[in-house]
>>> print(open('final-v3.txt').read())   # compact mmCIF, C-alpha atoms
# COMPACT_ATOMS: atom_id res chain seq x y z
CA MET A 1 16.50 26.89 4.45
CA THR A 2 19.42 24.47 4.54
CA ASP A 3 19.47 21.53 6.94
CA VAL A 4 22.46 21.42 9.28
CA ILE A 5 24.03 17.99 9.82
CA LEU A 6 26.59 17.56 12.59
CA ALA A 7 29.01 14.71 11.80
CA VAL A 8 30.82 13.73 15.00
CA LEU A 9 34.27 12.29 14.28
CA ALA A 10 36.12 10.43 17.00
CA ARG A 11 38.10 7.57 15.43
CA ARG A 12 39.86 7.17 12.12
CA GLU A 13 38.32 3.69 11.71
CA THR A 14 34.81 5.14 11.64
CA ALA A 15 35.36 8.63 10.20
CA HIS A 16 34.83 7.64 6.54
CA ALA A 17 31.54 5.92 7.37
CA VAL A 18 30.26 8.91 9.35
CA LEU A 19 31.17 11.41 6.64
CA ASP A 20 29.73 9.28 3.84
CA ALA A 21 26.50 8.86 5.81
CA ALA A 22 26.30 12.62 6.38
CA ALA A 23 26.72 13.22 2.64
CA CYS A 24 24.05 10.63 1.81
CA LEU A 25 21.69 12.19 4.34
CA GLY A 26 22.37 15.59 2.82
CA GLY A 27 21.51 14.23 -0.61
CA LEU A 28 18.23 12.82 0.66
CA ALA A 29 17.40 16.23 2.15
CA GLY A 30 18.16 17.95 -1.16
CA HIS A 31 21.27 19.68 0.12
CA ALA A 32 22.70 20.37 3.54
CA GLY A 33 25.37 22.14 5.50
CA ILE A 34 27.59 19.44 6.99
CA ILE A 35 29.72 20.34 10.00
CA ALA A 36 32.45 17.81 10.77
CA LEU A 37 33.31 18.05 14.47
CA ALA A 38 36.47 16.73 16.10
CA VAL A 39 36.98 17.22 19.83
CA HIS A 40 40.40 17.45 21.46
CA ALA A 41 40.45 15.77 24.85
CA PRO A 42 41.23 18.32 27.59
CA LEU A 43 44.77 17.71 28.81
CA SER A 44 45.14 20.80 30.96
CA VAL A 45 44.38 18.90 34.13
CA GLY A 46 44.79 19.34 37.84
CA PRO A 47 47.58 17.69 39.87
CA LEU A 48 45.69 14.52 40.79
CA ALA A 49 44.31 13.97 37.29
CA ALA A 50 47.72 14.71 35.79
CA GLU A 51 49.35 12.14 38.06
CA ALA A 52 46.85 9.50 36.97
CA LEU A 53 47.30 10.42 33.31
CA MET A 54 51.09 10.23 33.56
CA ALA A 55 50.88 6.83 35.18
CA GLU A 56 48.81 5.56 32.28
CA THR A 57 50.51 7.21 29.30
CA GLY A 58 54.02 7.90 30.50
CA ASP A 59 53.78 11.68 30.31
CA VAL A 60 51.26 14.40 29.54
CA GLU A 61 53.21 15.68 26.55
CA GLY A 62 53.11 12.25 24.97
CA ALA A 63 49.33 12.21 25.42
CA ARG A 64 49.08 15.64 23.80
CA THR A 65 51.11 14.42 20.83
CA ARG A 66 48.90 11.39 20.35
CA GLU A 67 45.80 13.57 20.60
CA ARG A 68 47.13 15.98 17.96
CA ARG A 69 47.90 13.05 15.66
CA ARG A 70 44.42 11.62 16.15
CA VAL A 71 42.72 14.88 15.22
CA ALA A 72 45.12 15.46 12.32
CA SER A 73 44.22 12.02 10.99
CA LEU A 74 40.54 12.89 11.18
CA LYS A 75 41.24 16.18 9.38
CA GLY A 76 43.05 14.29 6.62
CA THR A 77 40.04 12.01 6.18
CA PHE A 78 37.77 15.06 6.03
CA ASP A 79 39.95 16.82 3.45
CA ALA A 80 39.96 13.78 1.18
CA TRP A 81 36.16 13.53 1.44
CA ALA A 82 35.17 17.20 1.25
CA ASP A 83 35.42 17.85 -2.51
CA GLY A 84 33.05 15.00 -3.36
CA ALA A 85 30.54 16.24 -0.80
CA ARG A 86 30.69 19.76 -2.23
CA GLN A 87 30.22 18.46 -5.76
CA ALA A 88 27.07 16.69 -4.55
CA GLY A 89 25.64 20.08 -3.55
CA ASN A 90 26.44 20.16 0.16
CA THR A 91 28.39 22.82 2.00
CA VAL A 92 30.99 21.42 4.36
CA GLN A 93 32.86 22.82 7.34
CA TRP A 94 35.60 21.50 9.61
CA VAL A 95 35.37 22.40 13.31
CA GLU A 96 37.78 21.57 16.13
CA ALA A 97 37.00 22.15 19.78
CA GLU A 98 38.75 21.32 23.03
CA GLY A 99 36.94 20.17 26.14
CA GLU A 100 34.74 17.40 27.41
CA ALA A 101 33.41 15.62 24.32
CA SER A 102 29.98 15.02 25.83
CA ASP A 103 29.49 18.71 26.65
CA ILE A 104 30.63 19.89 23.23
CA VAL A 105 28.56 17.31 21.33
CA GLU A 106 25.49 18.25 23.37
CA GLU A 107 25.96 21.98 22.78
CA ARG A 108 26.74 21.70 19.06
CA GLY A 109 24.16 18.96 18.54
CA ARG A 110 21.33 21.12 19.83
CA ARG A 111 22.14 23.61 17.05
CA ALA A 112 21.91 20.99 14.30
CA ASP A 113 18.92 19.40 12.57
CA THR A 114 20.45 15.92 12.62
CA ILE A 115 23.51 14.34 14.22
CA VAL A 116 25.52 11.59 12.54
CA ILE A 117 27.73 9.50 14.81
CA ALA A 118 29.44 6.13 14.71
CA ARG A 119 27.94 3.09 16.39
CA PRO A 120 29.84 2.40 19.63
CA LEU A 121 32.73 -0.05 19.42
CA PRO A 122 33.84 -2.33 22.27
CA ASP A 123 37.22 -0.59 22.61
CA ASP A 124 35.94 3.00 22.57
CA ASP A 125 37.39 5.16 25.30
CA ALA A 126 35.15 6.69 27.94
CA ALA A 127 35.01 10.11 26.26
CA THR A 128 33.75 8.60 22.99
CA GLY A 129 31.10 6.61 24.84
CA HIS A 130 29.93 9.64 26.80
CA ALA A 131 29.76 11.72 23.61
CA PHE A 132 27.55 9.08 22.01
CA GLY A 133 25.23 9.09 25.01
CA ALA A 134 25.07 12.90 24.96
CA ALA A 135 24.13 12.92 21.27
CA LEU A 136 21.42 10.33 21.67
CA PHE A 137 19.87 11.32 24.99
CA HIS A 138 20.64 14.98 25.66
CA THR A 139 20.40 16.92 22.39
CA GLU A 140 16.70 16.29 21.63
CA ARG A 141 17.70 15.76 18.00
CA PRO A 142 17.41 12.79 15.64
CA VAL A 143 20.67 10.86 15.61
CA LEU A 144 21.82 8.71 12.69
CA VAL A 145 23.89 5.90 14.18
CA VAL A 146 26.27 4.55 11.55
CA PRO A 147 28.05 1.17 11.42
CA LYS A 148 31.81 1.07 11.06
CA SER A 149 31.74 -0.21 7.48
CA ARG A 150 31.18 2.34 4.73
CA SER A 151 27.79 2.20 3.02
CA ALA A 152 27.06 2.67 -0.67
CA GLY A 153 23.96 4.62 0.32
CA PHE A 154 20.69 4.31 2.15
CA GLY A 155 17.14 5.63 2.14
CA ARG A 156 15.72 3.52 -0.68
CA ARG A 157 14.26 0.71 1.46
CA VAL A 158 13.50 2.08 4.90
CA ALA A 159 12.11 0.14 7.85
CA ILE A 160 10.37 1.64 10.88
CA ALA A 161 10.43 -0.20 14.19
CA TRP A 162 6.91 0.79 15.20
CA ARG A 163 5.79 1.21 18.78
CA ASP A 164 2.73 3.28 19.56
CA ASP A 165 4.34 5.84 21.83
CA ALA A 166 5.77 9.35 21.80
CA ARG A 167 9.41 8.39 21.21
CA THR A 168 8.66 6.44 18.03
CA ALA A 169 6.52 9.31 16.76
CA ARG A 170 9.35 11.75 17.54
CA ALA A 171 11.70 9.60 15.48
CA ILE A 172 9.32 9.38 12.53
CA ILE A 173 8.57 13.10 12.20
CA PRO A 174 12.09 14.17 11.09
CA ALA A 175 12.30 11.11 8.82
CA LEU A 176 9.14 11.94 6.86
CA ARG A 177 11.01 13.64 4.01
CA LEU A 178 13.24 10.59 3.66
CA LEU A 179 10.28 8.24 3.76
CA GLY A 180 8.50 10.22 1.06
CA SER A 181 11.28 9.56 -1.44
CA ALA A 182 11.89 5.93 -0.45
CA GLU A 183 11.09 3.16 -2.91
CA GLN A 184 9.73 0.97 -0.12
CA VAL A 185 8.76 1.58 3.50
CA PHE A 186 8.33 -1.30 5.93
CA LEU A 187 6.52 -1.00 9.24
CA LEU A 188 7.85 -3.60 11.67
CA ALA A 189 5.56 -3.93 14.68
CA GLY A 190 6.29 -6.19 17.61
CA VAL A 191 3.15 -7.86 18.97
CA ARG A 192 2.79 -10.14 21.98
CA LYS A 193 0.79 -13.34 21.67
CA GLY A 194 -2.93 -12.63 21.92
CA ALA A 195 -2.58 -8.88 21.41
CA ALA A 196 -4.29 -7.10 18.52
CA ALA A 197 -2.14 -6.19 15.53
CA PRO A 198 -1.73 -2.43 14.97
CA GLY A 199 -2.79 -0.58 11.86
CA ILE A 200 -0.79 1.89 9.79
CA PRO A 201 -0.04 4.90 12.03
CA GLY A 202 -1.97 8.07 11.34
CA VAL A 203 1.24 10.09 10.96
CA LEU A 204 2.15 8.02 7.89
CA ARG A 205 -1.37 8.09 6.43
CA ASP A 206 -1.60 11.86 6.91
CA HIS A 207 1.62 12.32 4.94
CA GLY A 208 0.61 9.98 2.14
CA ILE A 209 3.27 7.39 2.92
CA GLU A 210 2.38 3.81 2.11
CA ALA A 211 3.99 1.19 4.32
CA ASP A 212 4.18 -2.59 4.19
CA LEU A 213 3.14 -3.76 7.67
CA ARG A 214 5.02 -6.76 9.05
CA ILE A 215 4.12 -8.26 12.43
CA LEU A 216 7.01 -9.59 14.53
CA PRO A 217 6.22 -11.82 17.51
CA ILE A 218 7.45 -10.65 20.89
CA GLY A 219 8.46 -13.66 22.94
CA GLN A 220 11.38 -15.07 24.87
CA ASP A 221 13.93 -14.45 22.13
CA VAL A 222 15.87 -11.19 21.95
CA PHE A 223 13.59 -8.87 19.98
CA GLY A 224 16.47 -6.76 18.69
CA LYS A 225 17.98 -9.84 17.07
CA LEU A 226 14.68 -10.66 15.34
CA LEU A 227 14.36 -7.05 14.21
CA LEU A 228 17.83 -7.02 12.67
CA GLN A 229 17.27 -10.40 11.02
CA THR A 230 14.03 -9.08 9.47
CA LEU A 231 15.86 -6.02 8.14
CA HIS A 232 18.28 -8.32 6.33
CA GLU A 233 15.48 -10.48 4.92
CA LEU A 234 13.66 -7.43 3.56
CA GLY A 235 16.81 -5.85 2.16
CA ALA A 236 16.21 -2.70 4.19
CA ASP A 237 19.08 -0.22 4.06
CA MET A 238 17.98 1.98 6.99
CA LEU A 239 16.00 1.69 10.20
CA VAL A 240 13.99 4.40 11.99
CA MET A 241 13.20 3.84 15.66
CA GLY A 242 12.75 5.51 19.02
CA ALA A 243 15.61 5.37 21.51
CA TYR A 244 14.87 4.17 25.00
CA ALA A 245 16.84 4.33 28.22
CA HIS A 246 16.68 3.72 31.94
CA THR A 247 18.27 6.36 34.13
CA PRO A 248 19.42 5.11 37.54
CA LEU A 249 21.10 8.03 39.32
CA ARG A 250 23.03 9.96 36.66
CA GLU A 251 24.03 7.05 34.45
CA MET A 252 22.19 6.56 31.17
CA ILE A 253 21.54 2.87 30.50
CA PHE A 254 20.15 1.89 27.10
CA GLY A 255 16.88 -0.02 26.85
CA GLY A 256 17.03 -3.56 25.42
CA VAL A 257 16.30 -3.00 21.70
CA THR A 258 18.16 0.31 21.67
CA ARG A 259 21.21 -1.35 23.20
CA TYR A 260 21.08 -4.29 20.78
CA MET A 261 20.91 -2.02 17.74
CA CYS A 262 23.70 0.20 19.04
CA GLU A 263 25.87 -2.90 19.47
CA HIS A 264 24.93 -4.92 16.36
CA ALA A 265 23.19 -2.90 13.64
CA ASP A 266 25.00 -3.06 10.29
CA VAL A 267 22.73 -0.50 8.60
CA PRO A 268 22.30 3.17 9.56
CA VAL A 269 19.71 3.61 12.31
CA LEU A 270 17.91 6.93 12.76
CA MET A 271 17.05 7.19 16.45
CA ARG A 272 15.43 9.81 18.62
CA HIS A 273 14.91 9.79 22.36
>>> encode(input="final-v3.txt", output="structure tokens")
Amino acid sequence: MTDVILAVLARRETAHAVLDAAACLGGLAGHAGIIALAVHAPLSVGPLAAEALMAETGDVEGARTRERRRVASLKGTFDAWADGARQAGNTVQWVEAEGEASDIVEERGRRADTIVIARPLPDDDAATGHAFGAALFHTERPVLVVPKSRSAGFGRRVAIAWRDDARTARAIIPALRLLGSAEQVFLLAGVRKGAAAPGIPGVLRDHGIEADLRILPIGQDVFGKLLLQTLHELGADMLVMGAYAHTPLREMIFGGVTRYMCEHADVPVLMRH
């Protein structure tokens, strides 16, 4: 059975990185079916929304033109990338859809084994931000969050941000195949002063995966910053971690370490909520 990887493309600046990461992930899985998804923003709007849109962009037709150019640019990036991905043994498919990006990413993401999406950027529009949140918190799938810069590859030196709870375990389970072929696996466990250090988790022992346990002190400093610094010191090329959120009303607010990694990580991060 072939793994299905959904590569969510939103911006030209990040499209290459997302597609390359999807191809690398497919290679680590043996081979995969990669679906590149681009979502057209819905511009068939009601009178009030149309008035607001015209005030911001000048006219609805101009917005449609810019949207078509954006998606065409993404398609051009995909076309230039596709042959190399096929030669590496993956099947690739281009899909366009129109509607609310968050709804489409959630629906398509639930049909995939893994989602690959770009790390949020400060100037992302609202639709891109909502699509990211939908992928991470509403699909119930592992999500590979990719930095803007293109990577030469990952999966050789993998770190796990260990926390003894269900979300971390849910993140590790789909990563087990990747961990089994890694040259080195690091287990990074945050421990408060006076607390007992954890052992190697049973899920890793049961699957015959050896891990180098590193204890990181939890204190007043930002733990996400320490975690990322440790990744650099170890030369890790990928991080596996659970994704955490607080949910006041209907807004999804990232937990502290999750938020820090989504804002700062310069290596691919495999997350699962």
>>> residues_around(input="final-v3.txt", residues="region 172-174 of chain A", least_positions_apart="3", cutoff="7 Å", atoms="all atoms listed in the file", output="JSON, numbers by chain")
{"A": [168, 169, 240]}
>>> write_last_selection(input="final-v3.txt", atoms="C-alpha atoms", output="PDB file, keeping the file's coordinate frame")
ATOM      1  CA  THR A 168       8.660   6.440  18.030  1.00  0.00           C
ATOM      2  CA  ALA A 169       6.520   9.310  16.760  1.00  0.00           C
ATOM      3  CA  VAL A 240      13.990   4.400  11.990  1.00  0.00           C
TER       4      VAL A 240
END
>>> residues_around(input="final-v3.txt", residues="region 181-189 of chain A", least_positions_apart="6", cutoff="12 Å", atoms="all atoms listed in the file", output="number ranges by chain")
A: 27-30, 154-164, 168, 172, 175, 195-201, 204, 207-218, 223-224, 226-231, 233-241
>>> atom_distance(input="final-v3.txt", atom1="CA of Arg12 (chain A)", atom2="CA of Ala38 (chain A)")
10.9 Å
>>> residues_around(input="final-v3.txt", residues="Gly153 (chain A)", least_positions_apart="6", cutoff="9 Å", atoms="only C-alpha atoms", output="short mmCIF file (atom, residue, chain, number, x, y, z; two decimals) with C-alpha atoms, in the frame of the given file")
data_model
loop_
_atom_site.label_atom_id
_atom_site.label_comp_id
_atom_site.auth_asym_id
_atom_site.auth_seq_id
_atom_site.Cartn_x
_atom_site.Cartn_y
_atom_site.Cartn_z
CA ASP A 20 29.73 9.28 3.84
CA ALA A 21 26.50 8.86 5.81
CA CYS A 24 24.05 10.63 1.81
CA LEU A 25 21.69 12.19 4.34
CA ASP A 237 19.08 -0.22 4.06
#
>>> atom_distance(input="final-v3.txt", atom1="CA of Arg86 (chain A)", atom2="CA of Met271 (chain A)")
26.3 Å
>>> atom_distance(input="final-v3.txt", atom1="CA of Ala127 (chain A)", atom2="CA of Val257 (chain A)")
23.3 Å
>>> residues_around(input="final-v3.txt", residues="Val92 (chain A)", least_positions_apart="3", cutoff="7 Å", atoms="all atoms listed in the file", output="number ranges by chain")
A: 33-35, 82, 86
>>> closest_residue(input="final-v3.txt", among="A:Ala10, A:Val39, A:Val267, A:Leu121", to="Ala152 (chain A)", atoms="all atoms listed in the file")
A:Val267
>>> residues_around(input="final-v3.txt", residues="Thr258 (chain A)", least_positions_apart="4", cutoff="9 Å", atoms="only C-alpha atoms", output="PDB file with C-alpha atoms, keeping the file's coordinate frame")
ATOM      1  CA  GLY A 224      16.470  -6.760  18.690  1.00  0.00           C
ATOM      2  CA  MET A 241      13.200   3.840  15.660  1.00  0.00           C
ATOM      3  CA  GLY A 242      12.750   5.510  19.020  1.00  0.00           C
ATOM      4  CA  ALA A 243      15.610   5.370  21.510  1.00  0.00           C
ATOM      5  CA  TYR A 244      14.870   4.170  25.000  1.00  0.00           C
ATOM      6  CA  ALA A 245      16.840   4.330  28.220  1.00  0.00           C
ATOM      7  CA  PHE A 254      20.150   1.890  27.100  1.00  0.00           C
ATOM      8  CA  CYS A 262      23.700   0.200  19.040  1.00  0.00           C
ATOM      9  CA  GLU A 263      25.870  -2.900  19.470  1.00  0.00           C
ATOM     10  CA  MET A 271      17.050   7.190  16.450  1.00  0.00           C
TER      11      MET A 271
END
>>> closest_residue(input="final-v3.txt", among="A:Leu6, A:Ala171, A:Ala41, A:Gly190", to="Trp94 (chain A)", atoms="only C-alpha atoms")
A:Leu6
>>> closest_residue(input="final-v3.txt", among="A:Ala36, A:Ala265, A:Leu178, A:Val18", to="Gln93 (chain A)", atoms="all atoms listed in the file")
A:Ala36
>>> closest_residue(input="final-v3.txt", among="A:Asp83, A:Gly219, A:Ala7, A:Arg192", to="Gly109 (chain A)", atoms="only C-alpha atoms")
A:Ala7
>>> axis_aligned_box(input="final-v3.txt", around="region 110-120 of chain A", padding_each_side="4 Å", output="AutoDock Vina command-line options")
--center_x 24.4 --center_y 13.0 --center_z 16.2 --size_x 18.9 --size_y 29.2 --size_z 15.3
>>> closest_residue(input="final-v3.txt", among="A:Gly202, A:Val145, A:Thr77, A:Glu67", to="Pro120 (chain A)", atoms="all atoms listed in the file")
A:Val145
>>> residues_near_point(input="final-v3.txt", point="(26.7, 17.8, 22.1)", cutoff="9 Å", atoms="all atoms listed in the file", output="CSV table (one decimal) with C-alpha atoms, in the coordinates of the input")
chain,number,residue,atom,x,y,z
A,101,ALA,CA,33.4,15.6,24.3
A,102,SER,CA,30.0,15.0,25.8
A,103,ASP,CA,29.5,18.7,26.6
A,104,ILE,CA,30.6,19.9,23.2
A,105,VAL,CA,28.6,17.3,21.3
A,106,GLU,CA,25.5,18.2,23.4
A,107,GLU,CA,26.0,22.0,22.8
A,108,ARG,CA,26.7,21.7,19.1
A,109,GLY,CA,24.2,19.0,18.5
A,110,ARG,CA,21.3,21.1,19.8
A,111,ARG,CA,22.1,23.6,17.0
A,131,ALA,CA,29.8,11.7,23.6
A,132,PHE,CA,27.6,9.1,22.0
A,134,ALA,CA,25.1,12.9,25.0
A,135,ALA,CA,24.1,12.9,21.3
A,138,HIS,CA,20.6,15.0,25.7
A,139,THR,CA,20.4,16.9,22.4
>>> closest_residue(input="final-v3.txt", among="A:Gly256, A:Gly194, A:Pro122, A:Pro42", to="Gly99 (chain A)", atoms="all atoms listed in the file")
A:Pro42
